[in-house]
file coords_13.tsv (TSV, C-alpha atoms)
chain	number	residue	atom	x	y	z
O	7	MET	CA	17.43	20.54	-46.70
O	8	ASP	CA	14.17	20.69	-44.75
O	9	GLY	CA	15.64	22.58	-41.81
O	10	HIS	CA	15.23	19.65	-39.41
O	11	THR	CA	18.26	18.29	-37.57
O	12	ARG	CA	18.68	14.57	-37.92
O	13	ILE	CA	19.05	12.84	-34.53
O	14	GLU	CA	21.51	9.98	-34.65
O	15	PRO	CA	20.46	6.89	-32.64
O	16	ILE	CA	22.44	6.16	-29.48
O	17	LYS	CA	24.74	3.21	-30.10
O	18	PHE	CA	26.14	0.62	-27.73
O	19	ASP	CA	29.83	1.02	-26.80
O	20	ASP	CA	29.99	4.51	-28.33
O	21	GLN	CA	32.69	6.13	-26.20
O	22	CYS	CA	32.07	9.58	-27.69
O	23	THR	CA	28.57	9.84	-26.17
O	24	ALA	CA	28.88	7.40	-23.24
O	25	ASP	CA	28.87	8.63	-19.65
O	26	CYS	CA	29.61	5.34	-17.86
O	27	ILE	CA	31.40	2.04	-18.41
O	28	ILE	CA	30.16	-1.51	-17.88
O	29	CYS	CA	32.78	-4.04	-16.83
O	30	LEU	CA	31.93	-7.72	-17.37
O	31	LYS	CA	34.18	-9.74	-15.08
O	32	ASN	CA	34.34	-13.52	-14.89
O	33	SER	CA	35.34	-15.78	-11.98
O	34	LYS	CA	38.95	-15.95	-13.18
O	35	GLY	CA	39.37	-12.19	-12.89
O	36	SER	CA	39.47	-11.40	-16.61
O	37	GLN	CA	37.32	-8.43	-17.56
O	38	GLN	CA	36.07	-6.51	-20.57
O	39	PHE	CA	34.90	-2.90	-20.64
O	40	PHE	CA	32.04	-1.40	-22.68
O	41	HIS	CA	31.01	2.24	-22.94
O	42	SER	CA	27.38	2.82	-22.07
O	43	HIS	CA	24.77	5.45	-21.29
O	44	SER	CA	23.28	5.82	-17.82
O	45	PHE	CA	19.87	7.06	-18.99
O	46	ILE	CA	19.38	3.89	-21.06
O	47	LEU	CA	20.55	1.61	-18.26
O	48	LYS	CA	18.27	3.29	-15.71
O	49	SER	CA	15.22	3.21	-17.98
O	50	LYS	CA	15.57	-0.48	-18.87
O	51	SER	CA	16.82	-2.03	-15.60
O	52	THR	CA	15.83	-1.33	-11.99
O	53	TYR	CA	19.10	-2.97	-10.94
O	54	PHE	CA	21.14	-0.38	-12.87
O	55	ALA	CA	18.75	2.36	-11.71
O	56	GLU	CA	19.67	1.51	-8.10
O	57	ARG	CA	23.38	1.29	-8.89
O	58	LEU	CA	23.23	4.70	-10.58
O	59	SER	CA	20.94	6.39	-8.03
O	60	GLY	CA	23.82	7.85	-6.00
O	61	PRO	CA	26.97	9.59	-7.19
O	62	SER	CA	27.40	8.07	-10.64
O	63	PRO	CA	30.22	5.51	-10.64
O	64	GLN	CA	32.59	5.59	-13.59
O	65	CYS	CA	32.54	1.82	-13.90
O	66	LEU	CA	29.72	-0.65	-13.21
O	67	GLU	CA	31.15	-4.10	-12.48
O	68	ILE	CA	29.02	-7.16	-13.20
O	69	GLN	CA	30.15	-10.59	-12.06
O	70	CYS	CA	29.48	-13.38	-14.54
O	71	SER	CA	30.71	-16.90	-15.18
O	72	GLU	CA	32.42	-18.07	-18.35
O	73	ILE	CA	29.22	-19.94	-19.21
O	74	ASP	CA	26.89	-16.94	-19.09
O	75	TYR	CA	29.33	-14.23	-20.24
O	76	ASP	CA	27.83	-14.14	-23.77
O	77	HIS	CA	24.33	-13.89	-22.30
O	78	HIS	CA	25.38	-10.87	-20.20
O	79	LEU	CA	26.94	-9.19	-23.23
O	80	ARG	CA	23.92	-9.82	-25.42
O	81	LEU	CA	21.55	-8.54	-22.76
O	82	VAL	CA	23.48	-5.28	-22.42
O	83	LYS	CA	23.27	-4.84	-26.19
O	84	CYS	CA	19.52	-5.58	-26.09
O	85	LEU	CA	19.03	-2.65	-23.73
O	86	TYR	CA	19.64	-0.43	-26.77
O	87	LEU	CA	16.91	-2.06	-28.89
O	88	PRO	CA	13.38	-0.64	-29.12
O	89	GLU	CA	10.92	-2.83	-27.21
O	90	GLY	CA	9.12	-3.66	-30.45
O	91	SER	CA	12.31	-5.19	-31.87
O	92	LEU	CA	13.13	-7.44	-28.90
O	93	LEU	CA	10.93	-10.38	-29.85
O	94	ASN	CA	12.50	-10.67	-33.31
O	95	SER	CA	16.00	-10.68	-31.81
O	96	TRP	CA	15.64	-14.09	-30.11
O	97	ASP	CA	16.91	-16.97	-32.22
O	98	SER	CA	16.92	-20.15	-30.09
O	99	VAL	CA	15.43	-21.60	-26.93
O	100	ARG	CA	18.78	-22.17	-25.22
O	101	SER	CA	20.22	-18.70	-25.81
O	102	THR	CA	16.92	-17.00	-24.91
O	103	LEU	CA	16.77	-19.01	-21.70
O	104	GLY	CA	20.27	-17.84	-20.79
O	105	ILE	CA	19.38	-14.20	-21.49
O	106	LEU	CA	16.19	-14.61	-19.47
O	107	GLN	CA	18.16	-15.66	-16.38
O	108	VAL	CA	20.45	-12.63	-16.68
O	109	ALA	CA	17.53	-10.29	-17.37
O	110	ALA	CA	15.71	-11.55	-14.27
O	111	ALA	CA	18.82	-11.06	-12.11
O	112	LEU	CA	19.34	-7.51	-13.41
O	113	ARG	CA	15.59	-6.81	-13.26
O	114	CYS	CA	15.11	-5.86	-16.91
O	115	GLU	CA	11.32	-6.21	-17.00
O	116	SER	CA	10.71	-5.62	-20.70
O	117	ILE	CA	13.40	-8.15	-21.72
O	118	VAL	CA	12.07	-10.74	-19.24
O	119	LYS	CA	8.55	-10.37	-20.68
O	120	SER	CA	9.85	-10.63	-24.25
O	121	CYS	CA	11.86	-13.78	-23.46
O	122	ILE	CA	8.84	-15.38	-21.80
O	123	GLN	CA	6.65	-14.49	-24.80
O	124	TYR	CA	9.16	-16.10	-27.15
O	125	LEU	CA	9.65	-19.26	-25.05
O	126	GLU	CA	5.90	-19.71	-24.63
O	127	ALA	CA	5.34	-19.60	-28.40
O	128	VAL	CA	8.16	-21.74	-29.86
O	129	PRO	CA	8.54	-25.55	-29.84
O	130	TRP	CA	10.82	-27.13	-27.20
O	131	GLU	CA	13.03	-30.16	-27.45
O	132	ASP	CA	12.49	-32.79	-24.74
O	133	SER	CA	15.98	-32.08	-23.43
O	134	GLU	CA	15.12	-28.38	-23.01
O	135	GLU	CA	11.87	-28.72	-21.10
O	136	ASP	CA	13.35	-29.53	-17.67
O	137	GLU	CA	15.79	-26.63	-17.93
O	138	ILE	CA	13.01	-24.24	-18.98
O	139	VAL	CA	10.79	-25.28	-16.07
O	140	ASN	CA	13.67	-24.99	-13.61
O	141	VAL	CA	14.48	-21.44	-14.73
O	142	VAL	CA	11.03	-19.92	-15.22
O	143	SER	CA	9.55	-21.38	-12.02
O	144	ARG	CA	11.65	-18.88	-10.05
O	145	LEU	CA	10.05	-15.93	-11.85
O	146	GLY	CA	6.66	-16.11	-10.15
O	147	ALA	CA	3.34	-15.18	-11.77
O	148	MET	CA	4.88	-13.72	-14.93
O	149	ALA	CA	6.10	-17.20	-15.89
O	150	MET	CA	2.66	-18.82	-15.80
O	151	PRO	CA	2.14	-18.61	-19.62
O	152	ILE	CA	5.12	-20.96	-20.04
O	153	LEU	CA	4.26	-23.25	-17.13
O	154	ALA	CA	0.67	-23.53	-18.39
O	155	ARG	CA	1.98	-25.55	-21.35
O	156	ILE	CA	2.84	-28.45	-19.07
O	157	GLN	CA	0.39	-27.82	-16.23
O	158	PRO	CA	-1.73	-30.84	-15.28
O	159	VAL	CA	-5.49	-30.53	-15.33
O	160	ASP	CA	-5.76	-29.81	-11.59
O	161	LEU	CA	-3.15	-28.79	-9.04
O	162	VAL	CA	-5.63	-27.49	-6.47
O	163	ALA	CA	-5.41	-30.47	-4.14
O	164	THR	CA	-1.61	-30.54	-4.15
O	165	LYS	CA	-1.49	-26.80	-3.56
O	166	ARG	CA	-3.86	-27.05	-0.59
O	167	VAL	CA	-1.77	-29.77	1.02
O	168	LEU	CA	1.39	-27.70	0.64
O	169	ILE	CA	-0.23	-24.53	2.02
O	170	SER	CA	-1.54	-26.46	5.05
O	171	ALA	CA	1.87	-28.04	5.62
O	172	ILE	CA	3.59	-24.65	5.43
O	173	ARG	CA	1.06	-23.21	7.90
O	174	PHE	CA	1.71	-25.99	10.44
O	175	ALA	CA	5.46	-25.95	9.82
O	176	THR	CA	5.66	-22.25	10.66
O	177	SER	CA	3.24	-22.34	13.65
O	178	ILE	CA	5.77	-21.24	16.25
O	179	ASP	CA	3.73	-19.21	18.74
O	180	GLY	CA	0.33	-19.69	20.30
O	181	PRO	CA	-1.16	-22.52	22.38
O	182	ARG	CA	0.46	-25.87	21.75
O	183	PRO	CA	-1.86	-28.85	21.48
O	184	PRO	CA	-0.63	-32.32	22.50
O	185	PHE	CA	2.16	-33.40	20.15
O	186	GLY	CA	2.42	-29.80	18.88
O	187	ASP	CA	6.17	-29.95	18.26
O	188	GLU	CA	5.84	-33.37	16.62
O	189	VAL	CA	3.13	-32.05	14.28
O	190	ARG	CA	5.30	-29.09	13.30
O	191	THR	CA	8.31	-31.34	12.65
O	192	SER	CA	6.16	-33.70	10.58
O	193	ALA	CA	4.80	-30.74	8.59
O	194	GLN	CA	8.32	-29.50	7.91
O	195	GLU	CA	9.28	-32.94	6.60
O	196	GLN	CA	6.17	-32.94	4.40
O	197	VAL	CA	7.09	-29.54	2.92
O	198	GLU	CA	10.65	-30.71	2.25
O	199	TYR	CA	9.36	-33.85	0.54
O	200	MET	CA	6.89	-31.96	-1.65
O	201	LEU	CA	9.53	-29.45	-2.71
O	202	THR	CA	12.02	-32.19	-3.56
O	203	ASP	CA	10.18	-35.17	-4.99
O	204	ASP	CA	6.91	-33.84	-6.42
O	205	GLU	CA	7.01	-33.45	-10.20
O	206	ASP	CA	4.64	-30.48	-9.98
O	207	VAL	CA	6.97	-28.45	-7.74
O	208	PRO	CA	7.74	-25.66	-10.26
O	209	LEU	CA	4.04	-25.10	-10.91
O	210	ILE	CA	3.11	-25.05	-7.24
O	211	THR	CA	5.93	-22.83	-5.99
O	212	ALA	CA	5.09	-20.25	-8.66
O	213	ASP	CA	1.54	-20.00	-7.30
O	214	HIS	CA	0.64	-16.68	-5.65
O	215	GLU	CA	-1.19	-18.25	-2.66
O	216	VAL	CA	1.73	-20.57	-1.88
O	217	LYS	CA	4.18	-17.68	-1.97
O	218	MET	CA	1.89	-15.54	0.22
O	219	GLU	CA	1.59	-18.31	2.82
O	220	THR	CA	5.35	-18.82	2.82
O	221	ARG	CA	5.98	-15.08	3.24
O	222	ALA	CA	3.48	-15.00	6.11
O	223	GLY	CA	5.27	-17.90	7.80
O	224	LEU	CA	8.60	-16.18	7.28
O	225	SER	CA	7.32	-12.98	8.92
O	226	LYS	CA	5.95	-14.97	11.89
O	227	ALA	CA	9.24	-16.78	12.36
O	228	PHE	CA	11.28	-13.58	12.36
O	229	SER	CA	8.83	-11.82	14.70
O	230	SER	CA	8.92	-14.75	17.11
O	231	PHE	CA	12.72	-14.86	17.07
O	232	GLU	CA	12.96	-11.13	17.73
O	233	ARG	CA	10.44	-11.31	20.60
O	234	VAL	CA	12.08	-14.33	22.25
O	235	LEU	CA	15.49	-12.70	21.99
O	236	LEU	CA	14.32	-9.36	23.42
O	237	GLU	CA	12.57	-11.11	26.32
O	238	PHE	CA	15.74	-13.17	26.70
O	239	GLU	CA	14.09	-16.52	27.22
O	240	THR	CA	16.12	-19.70	27.66
O	241	GLU	CA	18.95	-20.44	25.24
O	242	GLY	CA	17.09	-23.59	24.16
O	243	ARG	CA	14.01	-21.57	23.16
O	244	ILE	CA	16.12	-19.03	21.27
O	245	LEU	CA	18.00	-21.84	19.52
O	246	GLN	CA	14.69	-23.38	18.46
O	247	CYS	CA	13.66	-20.09	16.83
O	248	VAL	CA	17.00	-19.84	14.98
O	249	SER	CA	16.67	-23.48	13.85
O	250	ASN	CA	13.22	-22.68	12.46
O	251	LEU	CA	14.72	-19.76	10.55
O	252	GLU	CA	17.50	-22.00	9.23
O	253	TRP	CA	14.89	-24.49	8.00
O	254	LEU	CA	12.88	-21.70	6.37
O	255	CYS	CA	16.03	-20.44	4.69
O	256	SER	CA	16.41	-23.75	2.85
O	257	ILE	CA	12.72	-23.68	1.88
O	258	VAL	CA	12.55	-20.13	0.53
O	259	LEU	CA	15.68	-20.82	-1.52
O	260	LYS	CA	13.74	-23.51	-3.40
O	261	MET	CA	10.75	-21.21	-3.83
O	262	GLY	CA	12.58	-18.19	-5.21
O	263	LEU	CA	11.93	-16.14	-2.05
O	264	MET	CA	15.48	-15.94	-0.72
O	265	ASN	CA	15.45	-12.18	-1.27
O	266	ASP	CA	12.71	-11.88	1.40
O	267	PHE	CA	14.77	-13.87	3.90
O	268	VAL	CA	17.96	-11.92	3.24
O	269	SER	CA	16.23	-8.55	3.63
O	270	LYS	CA	14.66	-9.54	6.97
O	271	TRP	CA	17.97	-10.97	8.23
O	272	ILE	CA	19.81	-7.75	7.41
O	273	ASP	CA	17.05	-5.70	9.10
O	274	ILE	CA	17.37	-7.50	12.45
O	275	SER	CA	21.13	-8.19	12.37
O	276	ASP	CA	22.30	-5.20	14.42
O	277	LYS	CA	19.60	-5.77	17.06
O	278	VAL	CA	20.48	-9.48	17.33
O	279	LEU	CA	24.21	-8.85	17.59
O	280	HIS	CA	23.74	-6.12	20.22
O	281	ILE	CA	21.98	-8.63	22.48
O	282	VAL	CA	24.08	-11.72	21.74
O	283	GLU	CA	27.49	-10.03	22.02
O	284	VAL	CA	26.71	-8.96	25.59
O	285	GLU	CA	26.62	-12.61	26.61
O	286	SER	CA	29.99	-14.19	27.30
O	287	SER	CA	28.62	-17.69	26.79
O	288	MET	CA	25.73	-19.05	24.64
O	289	TRP	CA	28.27	-20.46	22.19
O	290	GLY	CA	25.73	-22.84	20.67
O	291	LEU	CA	23.53	-19.88	19.73
O	292	LYS	CA	26.46	-17.94	18.30
O	293	VAL	CA	27.52	-20.86	16.10
O	294	LYS	CA	23.91	-21.34	14.92
O	295	LEU	CA	23.66	-17.64	14.03
O	296	ILE	CA	26.86	-17.92	11.98
O	297	GLN	CA	25.41	-20.96	10.18
O	298	VAL	CA	22.34	-18.96	9.12
O	299	THR	CA	24.48	-15.93	8.24
O	300	SER	CA	26.65	-18.19	6.07
O	301	LYS	CA	23.60	-19.01	3.92
O	302	VAL	CA	22.78	-15.29	3.61
O	303	LEU	CA	26.37	-14.38	2.73
O	304	ASP	CA	26.43	-17.19	0.17
O	305	ALA	CA	23.20	-16.00	-1.49
O	306	VAL	CA	24.38	-12.39	-1.73
O	307	GLY	CA	28.06	-13.07	-2.40
O	308	TYR	CA	27.43	-15.33	-5.39
O	309	GLY	CA	24.67	-13.23	-6.93
O	310	ASN	CA	21.62	-15.40	-6.12
O	311	VAL	CA	20.16	-12.38	-4.32
O	312	ILE	CA	20.86	-8.99	-5.89
O	313	LEU	CA	21.13	-6.13	-3.38
O	314	PRO	CA	22.20	-2.49	-3.72
O	315	ALA	CA	25.75	-1.79	-2.53
O	316	PRO	CA	24.69	-0.06	0.75
O	317	GLN	CA	22.84	-3.19	1.90
O	318	ARG	CA	25.75	-5.45	0.96
O	319	VAL	CA	28.08	-3.20	2.94
O	320	GLN	CA	25.68	-3.21	5.90
O	321	LEU	CA	25.55	-7.02	5.87
O	322	LEU	CA	29.34	-7.26	5.96
O	323	LYS	CA	29.87	-4.55	8.55
O	324	SER	CA	27.32	-6.17	10.85
O	325	TRP	CA	28.52	-9.76	10.76
O	326	LEU	CA	32.19	-9.71	9.77
O	327	PRO	CA	33.44	-8.27	13.12
O	328	PHE	CA	31.28	-10.78	15.02
O	329	ILE	CA	32.58	-13.74	13.00
O	330	ARG	CA	36.20	-12.54	13.37
O	331	LYS	CA	35.73	-12.33	17.14
O	332	VAL	CA	33.92	-15.65	17.66
O	333	LYS	CA	36.00	-17.93	15.41
O	334	PRO	CA	39.38	-17.63	17.23
O	335	ILE	CA	37.67	-17.94	20.63
O	336	LEU	CA	35.97	-21.17	19.56
O	337	ASP	CA	39.27	-22.51	18.21
O	338	SER	CA	41.06	-21.73	21.48
O	339	MET	CA	38.32	-23.44	23.49
O	340	ILE	CA	38.56	-26.56	21.35
O	341	THR	CA	42.34	-26.53	21.80
O	342	LYS	CA	41.88	-26.47	25.58
O	343	ASP	CA	39.06	-29.02	25.61
O	344	GLU	CA	38.59	-31.40	22.70
O	345	GLU	CA	35.13	-32.29	24.04
O	346	PHE	CA	33.92	-28.70	23.72
O	347	PRO	CA	30.55	-29.20	21.94
O	348	HIS	CA	30.33	-25.98	19.94
O	349	LYS	CA	32.60	-25.73	16.95
O	350	MET	CA	32.61	-24.37	13.41
O	351	ASP	CA	33.45	-27.26	11.12
O	352	GLU	CA	35.78	-26.77	8.17
O	353	ASP	CA	33.01	-26.83	5.57
O	354	LEU	CA	31.11	-24.04	7.34
O	355	TRP	CA	34.23	-21.91	7.69
O	356	GLN	CA	35.22	-22.37	4.05
O	357	SER	CA	31.67	-21.42	3.01
O	358	VAL	CA	31.81	-18.25	5.11
O	359	GLU	CA	35.28	-17.32	3.88
O	360	GLY	CA	34.48	-17.92	0.20
O	361	ALA	CA	31.25	-15.91	0.35
O	362	VAL	CA	32.91	-13.00	2.17
O	363	VAL	CA	35.76	-12.86	-0.37
O	364	SER	CA	33.26	-12.85	-3.26
O	365	LEU	CA	31.13	-10.20	-1.54
O	366	VAL	CA	34.07	-7.89	-0.76
O	367	SER	CA	35.42	-8.22	-4.31
O	368	ALA	CA	32.15	-6.90	-5.75
O	369	LEU	CA	31.83	-3.83	-3.49
O	370	PRO	CA	32.38	-0.23	-4.61
O	371	SER	CA	36.04	0.75	-4.33
O	372	ASN	CA	35.71	3.00	-1.26
O	373	ASP	CA	33.74	0.45	0.77
O	374	GLN	CA	36.08	-2.31	-0.37
O	375	ALA	CA	39.11	-0.31	0.72
O	376	GLU	CA	37.57	0.42	4.14
O	377	ILE	CA	36.79	-3.24	4.86
O	378	LEU	CA	40.18	-4.44	3.62
O	379	ALA	CA	41.94	-1.78	5.72
O	380	GLU	CA	40.11	-2.97	8.85
O	381	TRP	CA	41.06	-6.54	7.99
O	382	MET	CA	44.75	-5.67	7.48
O	383	ASN	CA	44.88	-3.75	10.77
O	384	GLY	CA	43.23	-6.58	12.72
O	385	GLU	CA	45.10	-9.01	14.92
O	386	GLU	CA	43.74	-12.14	13.24
O	387	GLN	CA	44.08	-11.73	9.46
O	388	ARG	CA	43.11	-15.32	8.80
O	389	TYR	CA	39.64	-14.90	10.32
O	390	PRO	CA	38.67	-14.79	7.49
O	391	ASP	CA	41.56	-14.70	5.02
O	392	LEU	CA	40.77	-11.85	2.61
O	393	SER	CA	44.12	-11.84	0.80
O	394	GLU	CA	42.43	-13.04	-2.41
O	395	ALA	CA	40.01	-10.10	-2.33
O	396	PHE	CA	42.91	-7.75	-1.56
O	397	GLU	CA	44.94	-8.98	-4.56
O	398	CYS	CA	41.86	-8.75	-6.78
O	399	SER	CA	41.24	-5.13	-5.75
O	400	ILE	CA	44.83	-4.23	-6.66
O	401	ARG	CA	44.49	-5.83	-10.12
O	402	ILE	CA	41.20	-4.05	-10.77
O	403	ALA	CA	42.61	-0.69	-9.64
O	404	ALA	CA	45.55	-1.11	-12.00
O	405	ALA	CA	43.23	-2.08	-14.87
O	406	ARG	CA	41.06	0.98	-14.25
O	407	ILE	CA	44.08	3.26	-14.39
O	408	VAL	CA	45.19	1.75	-17.70
O	409	THR	CA	41.64	2.03	-19.12
O	410	CYS	CA	41.26	5.66	-18.03
O	411	LEU	CA	44.65	6.60	-19.48
O	412	ALA	CA	43.79	4.92	-22.78
O	413	TYR	CA	40.42	6.68	-22.85
O	414	LEU	CA	42.04	10.06	-22.17
O	415	GLY	CA	44.61	9.36	-24.89
O	416	VAL	CA	41.86	8.71	-27.46
O	417	CYS	CA	40.03	11.90	-26.44
O	418	TRP	CA	43.16	14.04	-26.70
O	419	ALA	CA	44.01	12.49	-30.07
O	420	LYS	CA	40.54	13.31	-31.40
O	421	ARG	CA	40.79	16.88	-30.10
O	422	ALA	CA	44.19	17.34	-31.73
O	423	PHE	CA	42.87	15.96	-35.03
O	424	ILE	CA	39.88	18.34	-34.98
O	425	HIS	CA	42.03	21.39	-34.28
call {"tool": "encode", "arguments": {"input": "coords_13.tsv", "output": "C-alpha cells"}}
result
Amino acid sequence: MDGHTRIEPIKFDDQCTADCIICLKNSKGSQQFFHSHSFILKSKSTYFAERLSGPSPQCLEIQCSEIDYDHHLRLVKCLYLPEGSLLNSWDSVRSTLGILQVAAALRCESIVKSCIQYLEAVPWEDSEEDEIVNVVSRLGAMAMPILARIQPVDLVATKRVLISAIRFATSIDGPRPPFGDEVRTSAQEQVEYMLTDDEDVPLITADHEVKMETRAGLSKAFSSFERVLLEFETEGRILQCVSNLEWLCSIVLKMGLMNDFVSKWIDISDKVLHIVEVESSMWGLKVKLIQVTSKVLDAVGYGNVILPAPQRVQLLKSWLPFIRKVKPILDSMITKDEEFPHKMDEDLWQSVEGAVVSLVSALPSNDQAEILAEWMNGEEQRYPDLSEAFECSIRIAAARIVTCLAYLGVCWAKRAFIH
C-alpha cells in the first residue's frame, strides 16, 4: 500500500452517491428515472445549472418524444464522460445529429462542440445532408465549420439583399416617404420569400450580421409597440404594431431567434395587459394579442424555447387569466350577434389550449398545483380545459411516491445488511 486513497470515478445512475433524479418522460406519459449528481449536471449544462440554482428539486423532469428518447438518455450518460473522450464516443451521423439537437436544447456546450467537430469531419450520405443543414443552421456561428462544406463561393450579395429587406420590413417609426407602407409590405414579402425558397437560407440565417439586423428590428418593433400603447394612439395604429410583431414572430422562428422574441414578450406582458384590460372594447386588439401569445405559448410549451421555471410561470400567470376572461365574453357576443367581427377560431383556441396544457404539465409541482387550483376554483373550467394536465399531475405524484418508497426501501435494506 502506498498510503494514497483510491478515488472511485462517479458513475451514472449510481443511487448510492446520487443527490438528484432525472426523469425522462415521453408524450404518452411513460417515464423512466435515473439517479444523477447535481455537480456534474451543473458543470456540463447551463440548462441544468439554472434548474438547480434554487432549492434543489428531488426530480428533474425532461420532456422528450419517443423518437428522441434514446438521444436524451445517451446525452445524459455523456455528461459523465471526460471531454477528451467525447469525440470517440460518436458512431454515426444520424445518432450524433440527434444528440446534437438535444445537447443544443439543454445547452451542453462541450457536447455541442464535439458533435459539430465529428459531423464536420466524417462523410455524409446524400440523404443526410438536408437534415444536417436544417439542424445545424439553428446553432449560429458555432455551426459554420459544417455549413462551410456546402457553402457557395460567395453569399455576400444574397446576404446584403436580405439585410436591406429586413431593415425596410422593420422600419416602423420615423418619417414615411411616399408609398412607405407599400415598401415595408413589399420588403416583408421579400424576406418571407428568401427564407422559404432560397437554397442558401441555412447559410444566410446563421450569419452574424443577419442575426444582428434581425435583433435590431425586433427591438425597434417592441419599442414602437410599447410607445404607441403607452401614448394610447388609435386602435388601428396599435393593431398595426401588433401585426408587425406577429410577422416578426414567424420570421425569427425560421432564424433560430425565437428565444429573443419570447423573452421580450414576457418582459412587456404585464404592462400591456394593465393597459388593455382597462378598456372594455378594443376586441380586435385583444384577439390579436392572444394570437401572438399563442405562438409564444406554443414555442415554450413544446420545448422549442427553453426557459427557467420562474419565467414559464410568469408567462402563464400573466396571460392565462386574460385568456380565460376574454374567451367566454367573445363567445357570448358571437351568440348574440353572428356578425360580430372579432372571434377566436377553433384552430387558434385548440393551439392555445394544447400549449397551456403542455406548459402546465412541465412546471414544478408547487407552481403546477397553484395554477390548477385556480383553474378548478374558476367559474369557467373549460377556458381552457386543463383536466388533462390535472390527471397527468396526479399520475406523476403517485409515481414519485412509489419511487421514493422504493428508494427508501433499498437504503434501509443496505443499512440492515451492513449492521
call {"tool": "residues_around", "arguments": {"input": "coords_13.tsv", "residues": "Leu235 of chain O", "least_positions_apart": "2", "cutoff": "8 Å", "atoms": "only C-alpha atoms", "output": "PyMOL selection string"}}
result
chain O and resi 231-233+237-239+244+278+281
call {"tool": "residues_around", "arguments": {"input": "coords_13.tsv", "residues": "Thr202 of chain O", "least_positions_apart": "5", "cutoff": "9 Å", "atoms": "only C-alpha atoms", "output": "PyMOL selection string"}}
result
chain O and resi 197+207+260
call {"tool": "closest_residue", "arguments": {"input": "coords_13.tsv", "among": "O:Leu254, O:Met339, O:Leu92, O:Leu313", "to": "Leu369 of chain O", "atoms": "only C-alpha atoms"}}
result
O:Leu313
call {"tool": "closest_residue", "arguments": {"input": "coords_13.tsv", "among": "O:Thr240, O:Asn265, O:Ser249, O:Ser36", "to": "Arg221 of chain O", "atoms": "all atoms listed in the file"}}
result
O:Asn265
call {"tool": "residues_near_point", "arguments": {"input": "coords_13.tsv", "point": "(8.5, -9.8, -25.6)", "cutoff": "9 Å", "atoms": "only C-alpha atoms", "output": "ChimeraX atom specification"}}
result
/O:89-94,116-124
call {"tool": "build_atoms", "arguments": {"input": "coords_13.tsv", "residues": "segment 211-215 of chain O", "atoms": "all heavy atoms", "output": "compact mmCIF listing (two decimals), in the coordinates of the input"}}
result
# COMPACT_ATOMS: atom_id res chain seq x y z
N THR O 211 5.16 -23.89 -6.65
CA THR O 211 5.93 -22.83 -5.99
C THR O 211 5.76 -21.49 -6.69
O THR O 211 6.04 -20.45 -6.10
CB THR O 211 7.43 -23.19 -5.94
OG1 THR O 211 7.91 -23.45 -7.27
CG2 THR O 211 7.67 -24.39 -5.06
N ALA O 212 5.34 -21.51 -7.95
CA ALA O 212 5.09 -20.25 -8.66
C ALA O 212 3.72 -19.67 -8.33
O ALA O 212 3.42 -18.53 -8.70
CB ALA O 212 5.21 -20.46 -10.17
N ASP O 213 2.90 -20.44 -7.62
CA ASP O 213 1.54 -20.00 -7.30
C ASP O 213 1.54 -18.87 -6.29
O ASP O 213 2.28 -18.88 -5.30
CB ASP O 213 0.74 -21.19 -6.75
CG ASP O 213 -0.71 -20.83 -6.48
OD1 ASP O 213 -1.51 -20.90 -7.42
OD2 ASP O 213 -1.02 -20.47 -5.33
N HIS O 214 0.68 -17.88 -6.51
CA HIS O 214 0.64 -16.68 -5.65
C HIS O 214 0.25 -17.03 -4.21
O HIS O 214 0.86 -16.53 -3.25
CB HIS O 214 -0.37 -15.68 -6.23
CG HIS O 214 -0.55 -14.46 -5.40
ND1 HIS O 214 0.45 -13.50 -5.26
CD2 HIS O 214 -1.60 -14.03 -4.63
CE1 HIS O 214 0.00 -12.53 -4.46
NE2 HIS O 214 -1.22 -12.84 -4.08
N GLU O 215 -0.75 -17.90 -4.01
CA GLU O 215 -1.19 -18.25 -2.66
C GLU O 215 -0.09 -18.96 -1.88
O GLU O 215 0.10 -18.72 -0.68
CB GLU O 215 -2.43 -19.14 -2.73
CG GLU O 215 -3.70 -18.42 -3.17
CD GLU O 215 -4.90 -19.35 -3.13
OE1 GLU O 215 -5.20 -19.87 -2.04
OE2 GLU O 215 -5.50 -19.56 -4.20
